[in-house]
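Pasting query.txt here (compact mmCIF, C-alpha atoms):
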# COMPACT_ATOMS: atom_id res chain seq x y z
CA MET A 3 0.00 0.00 0.00
CA SER A 4 1.21 3.51 -0.82
CA THR A 5 2.85 5.63 1.87
CA SER A 6 2.29 8.96 0.13
CA TYR A 7 0.58 11.32 2.58
CA TYR A 8 -0.04 15.01 1.98
CA ALA A 9 1.03 17.30 4.83
CA PRO A 10 0.50 21.08 4.93
CA GLN A 11 3.58 23.30 4.99
CA GLY A 12 1.94 26.65 5.79
CA GLY A 13 3.48 29.74 4.28
CA HIS A 14 1.59 32.70 2.82
CA PRO A 15 0.39 33.24 -0.76
CA PRO A 16 1.61 36.21 -2.83
CA GLN A 17 -0.53 39.29 -3.38
CA THR A 18 -0.88 38.27 -7.03
CA GLN A 19 -2.84 35.09 -6.19
CA LEU A 20 -6.55 35.06 -7.01
CA THR A 21 -8.66 35.47 -3.88
CA ALA A 22 -11.48 33.07 -4.71
CA ASP A 23 -10.84 29.42 -3.81
CA ARG A 24 -12.83 26.20 -3.37
CA ALA A 25 -13.70 26.65 0.32
CA VAL A 26 -17.36 25.92 1.09
CA PHE A 27 -19.36 25.96 4.33
CA THR A 28 -23.01 24.88 4.19
CA ASP A 29 -25.52 23.62 6.74
CA ALA A 30 -24.67 20.03 5.68
CA PHE A 31 -20.94 19.99 4.95
CA ALA A 32 -17.77 22.05 4.82
CA LEU A 33 -14.78 21.87 2.48
CA ILE A 34 -11.48 23.27 3.72
CA PRO A 35 -9.12 23.11 0.73
CA LYS A 36 -5.40 22.68 1.24
CA GLY A 37 -4.72 26.27 0.12
CA VAL A 38 -6.50 27.56 3.23
CA MET A 39 -4.00 25.91 5.61
CA ARG A 40 -1.65 28.88 5.88
CA ASP A 41 0.39 30.32 8.74
CA ILE A 42 -2.29 32.86 9.62
CA VAL A 43 -4.87 30.23 10.64
CA THR A 44 -2.69 28.16 12.99
CA SER A 45 -3.17 27.99 16.75
CA GLN A 46 -0.84 27.53 19.70
CA LEU A 47 -1.94 24.99 22.32
CA PRO A 48 -1.29 25.04 26.08
CA PHE A 49 1.65 22.93 27.27
CA TRP A 50 2.91 22.26 23.72
CA GLN A 51 6.34 23.64 22.85
CA GLY A 52 7.66 24.30 19.35
CA THR A 53 4.25 23.40 17.99
CA ARG A 54 1.44 24.87 15.95
CA ALA A 55 -1.89 23.35 14.96
CA TRP A 56 -4.37 23.66 12.14
CA VAL A 57 -7.78 23.11 13.75
CA LEU A 58 -9.88 21.43 11.07
CA ALA A 59 -12.97 20.55 13.09
CA ARG A 60 -14.44 21.09 16.55
CA PRO A 61 -17.84 20.36 18.09
CA LEU A 62 -20.26 22.96 16.78
CA SER A 63 -23.90 23.24 17.79
CA GLY A 64 -26.19 22.39 14.89
CA PHE A 65 -23.39 20.88 12.83
CA ALA A 66 -20.89 18.09 13.58
CA GLU A 67 -20.89 17.70 17.36
CA THR A 68 -18.82 14.67 18.37
CA PHE A 69 -15.16 15.32 17.57
CA SER A 70 -12.26 17.66 16.96
CA GLN A 71 -9.46 17.16 14.47
CA TYR A 72 -6.09 18.93 14.31
CA ILE A 73 -3.04 18.75 12.10
CA MET A 74 -0.11 19.18 14.49
CA GLU A 75 3.28 20.48 13.34
CA VAL A 76 6.05 19.95 15.89
CA GLN A 77 9.54 21.29 15.38
CA PRO A 78 12.69 19.40 16.44
CA GLY A 79 12.90 19.39 20.24
CA GLY A 80 9.23 20.33 20.57
CA GLY A 81 6.21 18.46 21.87
CA SER A 82 4.32 18.09 25.12
CA ASP A 83 4.49 16.20 28.39
CA LYS A 84 0.91 17.28 29.15
CA PRO A 85 -0.84 17.05 25.79
CA GLU A 86 -4.49 16.35 26.65
CA PRO A 87 -6.43 18.70 28.97
CA GLU A 88 -9.65 16.64 29.20
CA ALA A 89 -9.63 13.40 31.20
CA GLU A 90 -12.52 11.82 29.29
CA ALA A 91 -10.96 12.37 25.87
CA GLU A 92 -9.84 9.50 23.68
CA ALA A 93 -7.60 10.11 20.69
CA VAL A 94 -6.14 8.79 17.48
CA LEU A 95 -2.78 10.04 16.21
CA PHE A 96 -1.79 9.46 12.57
CA VAL A 97 1.63 10.54 11.29
CA VAL A 98 1.81 11.99 7.77
CA GLU A 99 5.38 13.37 7.75
CA GLY A 100 8.47 13.05 9.91
CA GLU A 101 9.02 11.06 13.08
CA LEU A 102 7.03 11.27 16.31
CA THR A 103 8.18 9.83 19.63
CA LEU A 104 5.09 8.80 21.59
CA THR A 105 5.40 7.58 25.17
CA LEU A 106 2.15 5.81 26.01
CA ASP A 107 1.57 4.31 29.46
CA GLY A 108 5.33 4.24 29.96
CA VAL A 109 6.20 2.56 26.66
CA ARG A 110 8.17 4.52 24.06
CA HIS A 111 7.13 4.27 20.40
CA VAL A 112 8.88 5.93 17.45
CA MET A 113 6.18 6.54 14.85
CA ALA A 114 7.07 7.00 11.16
CA PRO A 115 4.67 8.10 8.39
CA GLY A 116 1.65 5.80 8.44
CA GLY A 117 2.03 5.39 12.19
CA TYR A 118 -1.29 5.11 14.04
CA ALA A 119 -1.95 5.25 17.78
CA PHE A 120 -5.21 4.78 19.68
CA ILE A 121 -5.16 6.48 23.08
CA PRO A 122 -8.05 5.64 25.43
CA PRO A 123 -9.39 8.09 28.01
CA GLY A 124 -7.25 8.30 31.13
CA ALA A 125 -4.08 7.04 29.45
CA GLU A 126 -0.80 8.72 30.31
CA TRP A 127 1.01 9.91 27.21
CA ARG A 128 3.63 12.31 25.94
CA ALA A 129 4.51 13.36 22.41
CA ARG A 130 7.95 14.67 21.42
CA ASN A 131 9.93 15.33 18.26
CA ASP A 132 13.38 13.87 18.92
CA SER A 133 14.37 14.03 15.25
CA GLN A 134 16.10 16.73 13.22
CA ALA A 135 13.10 17.62 11.01
CA PRO A 136 9.52 18.72 11.67
CA VAL A 137 6.87 16.09 12.28
CA ARG A 138 3.27 16.53 11.15
CA PHE A 139 0.43 14.35 12.37
CA HIS A 140 -3.34 14.28 12.75
CA TRP A 141 -4.81 14.34 16.24
CA ILE A 142 -8.47 13.30 16.40
CA ARG A 143 -10.18 13.75 19.77
CA LYS A 144 -13.55 12.57 21.05
CA ALA A 145 -15.20 12.49 24.48
CA TYR A 146 -15.47 8.76 25.13
CA GLU A 147 -18.99 7.49 25.78
CA PHE A 148 -18.72 5.10 28.73
CA VAL A 149 -21.22 2.22 28.95
CA ASP A 150 -21.87 0.24 32.15
CA GLY A 151 -20.62 -3.31 31.63
CA LEU A 152 -18.23 -2.44 28.79
CA GLU A 153 -14.52 -2.09 29.37
CA VAL A 154 -12.64 0.82 27.85
CA PRO A 155 -10.58 -0.43 24.86
CA GLU A 156 -6.85 -0.75 25.38
CA ALA A 157 -4.22 1.52 23.87
CA PHE A 158 -2.23 0.35 20.86
CA VAL A 159 0.29 1.62 18.32
CA THR A 160 0.67 0.27 14.79
CA ASN A 161 1.39 1.36 11.22
CA GLU A 162 -0.79 1.27 8.14
CA GLN A 163 1.81 -0.95 6.44
CA ALA A 164 1.05 -3.73 8.95
CA ILE A 165 -2.62 -3.96 7.95
CA VAL A 166 -4.18 -5.60 4.90
CA PRO A 167 -7.07 -3.48 3.57
CA SER A 168 -10.54 -5.04 3.52
CA GLU A 169 -12.05 -5.00 0.04
CA MET A 170 -15.64 -3.87 -0.27
CA PRO A 171 -17.81 -6.68 -1.69
CA GLY A 172 -18.31 -6.68 -5.44
CA THR A 173 -15.71 -3.99 -6.16
CA GLU A 174 -12.80 -6.20 -7.34
CA GLY A 175 -10.51 -4.23 -5.03
CA ARG A 176 -11.34 -0.82 -6.46
CA TRP A 177 -12.71 0.25 -3.06
CA SER A 178 -11.20 -0.93 0.21
CA THR A 179 -10.84 0.15 3.82
CA THR A 180 -7.79 -0.08 6.07
CA ARG A 181 -9.32 -0.85 9.48
CA PHE A 182 -7.27 -0.37 12.63
CA VAL A 183 -9.87 -1.86 15.02
CA ASP A 184 -12.39 -4.67 14.70
CA PRO A 185 -15.65 -3.03 13.56
CA THR A 186 -17.64 -5.47 15.74
CA ASP A 187 -15.81 -4.39 18.92
CA VAL A 188 -18.49 -2.21 20.54
CA ARG A 189 -16.06 -0.93 23.16
CA HIS A 190 -14.95 1.51 20.47
CA ASP A 191 -17.30 4.46 19.93
CA MET A 192 -15.34 5.91 17.03
CA HIS A 193 -13.60 4.48 14.00
CA VAL A 194 -10.67 6.17 12.29
CA THR A 195 -9.82 4.30 9.11
CA ILE A 196 -8.20 4.87 5.73
CA VAL A 197 -10.47 4.53 2.71
CA ASN A 198 -8.77 3.55 -0.56
CA PHE A 199 -9.97 3.84 -4.15
CA LEU A 200 -8.24 2.83 -7.35
CA PRO A 201 -8.81 5.13 -10.36
CA GLY A 202 -12.42 4.81 -11.46
CA GLY A 203 -13.57 3.38 -8.14
CA VAL A 204 -16.81 4.80 -6.80
CA ILE A 205 -19.17 4.95 -3.87
CA PRO A 206 -22.12 4.16 -6.14
CA PHE A 207 -24.92 5.59 -3.99
CA ASP A 208 -25.52 8.60 -1.78
CA GLU A 209 -24.70 7.34 1.72
CA THR A 210 -27.10 9.03 4.15
CA HIS A 211 -26.48 8.03 7.76
CA VAL A 212 -26.27 9.16 11.36
CA MET A 213 -22.47 9.13 11.59
CA GLU A 214 -20.55 12.40 11.38
CA HIS A 215 -17.41 12.47 9.29
CA GLY A 216 -14.04 14.11 9.05
CA LEU A 217 -12.31 13.22 5.76
CA TYR A 218 -8.73 14.31 5.11
CA VAL A 219 -7.47 13.49 1.63
CA LEU A 220 -4.09 11.81 1.97
CA GLU A 221 -3.45 11.17 -1.71
CA GLY A 222 -4.99 11.66 -5.15
CA LYS A 223 -8.12 13.43 -6.31
CA ALA A 224 -11.83 12.73 -6.76
CA VAL A 225 -15.23 14.27 -7.28
CA TYR A 226 -17.50 14.14 -4.23
CA HIS A 227 -21.29 14.35 -4.31
CA LEU A 228 -22.36 16.12 -1.11
CA ASN A 229 -25.99 17.05 -0.47
CA GLN A 230 -26.70 17.33 -4.23
CA GLN A 231 -23.55 19.35 -4.94
CA TRP A 232 -20.56 18.03 -6.88
CA ILE A 233 -17.20 19.25 -5.56
CA GLU A 234 -13.66 18.40 -6.64
CA VAL A 235 -11.21 17.41 -3.91
CA GLU A 236 -7.49 16.65 -3.90
CA ALA A 237 -4.70 15.66 -1.54
CA GLY A 238 -4.56 18.04 1.42
CA ASP A 239 -8.27 18.93 1.38
CA PHE A 240 -10.51 18.32 4.41
CA MET A 241 -14.25 17.61 4.36
CA TRP A 242 -16.43 17.93 7.44
CA LEU A 243 -19.83 16.23 7.14
CA ARG A 244 -22.67 16.50 9.64
CA ALA A 245 -25.01 13.60 10.34
CA PHE A 246 -27.25 12.57 7.42
CA CYS A 247 -25.36 14.57 4.79
CA PRO A 248 -25.79 12.55 1.54
CA GLN A 249 -22.37 11.56 0.21
CA ALA A 250 -20.86 9.62 -2.69
CA CYS A 251 -17.66 9.90 -4.71
CA TYR A 252 -15.87 9.05 -7.96
CA ALA A 253 -12.09 8.58 -7.92
CA GLY A 254 -10.66 10.35 -10.94
CA GLY A 255 -7.08 9.06 -11.11
CA PRO A 256 -4.47 8.92 -12.47
CA GLY A 257 -3.34 7.39 -9.16
CA PRO A 258 -5.10 6.10 -6.03
CA PHE A 259 -7.49 8.29 -4.06
CA ARG A 260 -7.16 7.81 -0.29
CA TYR A 261 -8.45 9.59 2.79
CA LEU A 262 -8.30 9.40 6.57
CA LEU A 263 -11.88 8.98 7.81
CA TYR A 264 -13.43 9.64 11.23
CA LYS A 265 -16.91 8.50 12.21
CA ASP A 266 -18.79 8.01 15.48
CA VAL A 267 -20.24 4.51 15.93
CA ASN A 268 -21.63 1.85 18.29
CA ARG A 269 -23.69 3.95 20.70
CA HIS A 270 -27.40 4.56 21.30
CA ALA A 271 -28.84 7.85 20.14
CA LYS A 272 -29.22 10.20 23.10
CA LEU A 273 -32.88 10.85 23.83
CA LYS A 274 -32.24 13.67 26.28
CA LEU A 275 -30.32 16.38 24.48
CA PHE A 276 -30.04 18.61 27.53
CA ARG A 277 -29.26 17.01 30.88

With the file now loaded, output its structure as C-alpha cells.
Amino acid sequence: MSTSYYAPQGGHPPQTQLTADRAVFTDAFALIPKGVMRDIVTSQLPFWQGTRAWVLARPLSGFAETFSQYIMEVQPGGGSDKPEPEAEAEAVLFVVEGELTLTLDGVRHVMAPGGYAFIPPGAEWRARNDSQAPVRFHWIRKAYEFVDGLEVPEAFVTNEQAIVPSEMPGTEGRWSTTRFVDPTDVRHDMHVTIVNFLPGGVIPFDETHVMEHGLYVLEGKAVYHLNQQWIEVEAGDFMWLRAFCPQACYAGGPGPFRYLLYKDVNRHAKLKLFR
C-alpha cells in the first residue's frame, strides 16, 4: 500500500494570487481546501512547545458535534508532556510526515509516516519530536462514551503498512478500507480508518447516515457528491460532514485516491439532548 501522505507546509500566498478558492461551508458539509491551511490560521496549544496546529474541526452546535481534528506540526525538540487537557478524551494520532516519539503508558514508540496510535481516556502519554526535522500528524479527539458493563478499549500503536485493507464486496478491489480496530468491537465508539480507491472506483450511492465524518485526503483526487452538490477534492483537502449529509464519490485518477476517515459509531442515540 502507498505511503504517500499530503502534509501542509503553511506559508503565505503572494498578493498576485486570485482570492477566490474552493472553500465551502453549508448547513450540511464544509470543504477546507489545502490552500487555506496557511500560517495565519494556525493555533498555539497550552503545554505544547515548538508546535502549531491547524484546527480542522471542533464540536459545533447544529453541525458536527462529536469530535475535533487537528493537524499538528512539531519542530525538532518540541512536543508536550501534558498534551491532553480533558480526562474523558480519547484520541487517534496518525503521522503523515516526519518522526514522532510517543510515550504511552510508559512505553516509548517511534512513529514513522503511516504510524497510528489509539489512546483511550485516562491514558498517560507524551509526544515529542526527537528528530532533526519537523513532524506533522493528525490528532483526532472525542469524548469517550462510557457504557456500564463495557470495558474501555486498550491503547495500541501500529502502522498502516502492517494492515491488509478489507475490500468492499463486489468492487474487485477498487474500493477498500484499512481498518485499525475490529468493527464489531463495541467498546470503540469511534472508528478512524483509511479509505482507498483505485482510479475509477466509486461509492455508487448517496450514503445518508447518522455518523458524522471528518475526511482528510491523503493522496490523489476525486469528485464528491455532497448534499446534491458536486465538488472536486485533492490531496490536502478536508471535508467535514454533519449527520445525514448525503455523500458519494468518484475517484478520478491517475493514481489512487485515499483519505483518513473519522466516524462516530456503536452507541445509542441520546434521547435527552439537555441534561

* From the set A:Phe158, A:Phe199, A:Tyr8, A:Tyr226, which residue has the shortest atom-to-atom contact distance to A:Glu174, counting all atoms listed in the file? -> A:Phe199

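Across A:Tyr72, A:Leu58, A:Val267, A:Leu243, the tightest approach to A:Thr186 is made by A:Val267 when counting only C-alpha atoms.
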
* Please determine the residues with any atom at most 10 Å from (1.4, 10.1, 21.2) (coordinates as given in the file, with all atoms listed in the file counting) and report them as an NGL selection string. => :A and (81-83 or 85 or 93-97 or 102-106 or 110-113 or 118-121 or 126-130 or 139 or 141 or 159)

Restricting it to C-alpha atoms, dump the selection as an mmCIF file, in the coordinates of the input.
data_model
loop_
_atom_site.group_PDB
_atom_site.id
_atom_site.type_symbol
_atom_site.label_atom_id
_atom_site.label_comp_id
_atom_site.auth_asym_id
_atom_site.auth_seq_id
_atom_site.Cartn_x
_atom_site.Cartn_y
_atom_site.Cartn_z
ATOM 1 C CA GLY A 81 6.210 18.460 21.870
ATOM 2 C CA SER A 82 4.320 18.090 25.120
ATOM 3 C CA ASP A 83 4.490 16.200 28.390
ATOM 4 C CA PRO A 85 -0.840 17.050 25.790
ATOM 5 C CA ALA A 93 -7.600 10.110 20.690
ATOM 6 C CA VAL A 94 -6.140 8.790 17.480
ATOM 7 C CA LEU A 95 -2.780 10.040 16.210
ATOM 8 C CA PHE A 96 -1.790 9.460 12.570
ATOM 9 C CA VAL A 97 1.630 10.540 11.290
ATOM 10 C CA LEU A 102 7.030 11.270 16.310
ATOM 11 C CA THR A 103 8.180 9.830 19.630
ATOM 12 C CA LEU A 104 5.090 8.800 21.590
ATOM 13 C CA THR A 105 5.400 7.580 25.170
ATOM 14 C CA LEU A 106 2.150 5.810 26.010
ATOM 15 C CA ARG A 110 8.170 4.520 24.060
ATOM 16 C CA HIS A 111 7.130 4.270 20.400
ATOM 17 C CA VAL A 112 8.880 5.930 17.450
ATOM 18 C CA MET A 113 6.180 6.540 14.850
ATOM 19 C CA TYR A 118 -1.290 5.110 14.040
ATOM 20 C CA ALA A 119 -1.950 5.250 17.780
ATOM 21 C CA PHE A 120 -5.210 4.780 19.680
ATOM 22 C CA ILE A 121 -5.160 6.480 23.080
ATOM 23 C CA GLU A 126 -0.800 8.720 30.310
ATOM 24 C CA TRP A 127 1.010 9.910 27.210
ATOM 25 C CA ARG A 128 3.630 12.310 25.940
ATOM 26 C CA ALA A 129 4.510 13.360 22.410
ATOM 27 C CA ARG A 130 7.950 14.670 21.420
ATOM 28 C CA PHE A 139 0.430 14.350 12.370
ATOM 29 C CA TRP A 141 -4.810 14.340 16.240
ATOM 30 C CA VAL A 159 0.290 1.620 18.320
#

* To do: Between atom CA of A:Pro78 and atom CA of A:Val137, measure the distance and give it in Å to one decimal.
  =>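 Those two atoms sit 7.9 Å apart.
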
Long-range neighbours of A:Ile205 as an mmCIF file with C-alpha atoms, in the frame of the given file, 12 Å cut-off, all atoms listed in the file, 6 positions minimum in chain:
data_model
loop_
_atom_site.group_PDB
_atom_site.id
_atom_site.type_symbol
_atom_site.label_atom_id
_atom_site.label_comp_id
_atom_site.auth_asym_id
_atom_site.auth_seq_id
_atom_site.Cartn_x
_atom_site.Cartn_y
_atom_site.Cartn_z
ATOM 1 C CA MET A 170 -15.640 -3.870 -0.270
ATOM 2 C CA PRO A 171 -17.810 -6.680 -1.690
ATOM 3 C CA GLY A 172 -18.310 -6.680 -5.440
ATOM 4 C CA THR A 173 -15.710 -3.990 -6.160
ATOM 5 C CA ARG A 176 -11.340 -0.820 -6.460
ATOM 6 C CA TRP A 177 -12.710 0.250 -3.060
ATOM 7 C CA SER A 178 -11.200 -0.930 0.210
ATOM 8 C CA VAL A 197 -10.470 4.530 2.710
ATOM 9 C CA ASN A 198 -8.770 3.550 -0.560
ATOM 10 C CA PHE A 199 -9.970 3.840 -4.150
ATOM 11 C CA ALA A 224 -11.830 12.730 -6.760
ATOM 12 C CA VAL A 225 -15.230 14.270 -7.280
ATOM 13 C CA TYR A 226 -17.500 14.140 -4.230
ATOM 14 C CA HIS A 227 -21.290 14.350 -4.310
ATOM 15 C CA LEU A 228 -22.360 16.120 -1.110
ATOM 16 C CA PRO A 248 -25.790 12.550 1.540
ATOM 17 C CA GLN A 249 -22.370 11.560 0.210
ATOM 18 C CA ALA A 250 -20.860 9.620 -2.690
ATOM 19 C CA CYS A 251 -17.660 9.900 -4.710
ATOM 20 C CA TYR A 252 -15.870 9.050 -7.960
ATOM 21 C CA ALA A 253 -12.090 8.580 -7.920
#

* Tell me, in Å to one decimal, how far atom CA of A:Asp208 is from atom CA of A:Val235. =>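 The value is 16.9 Å.
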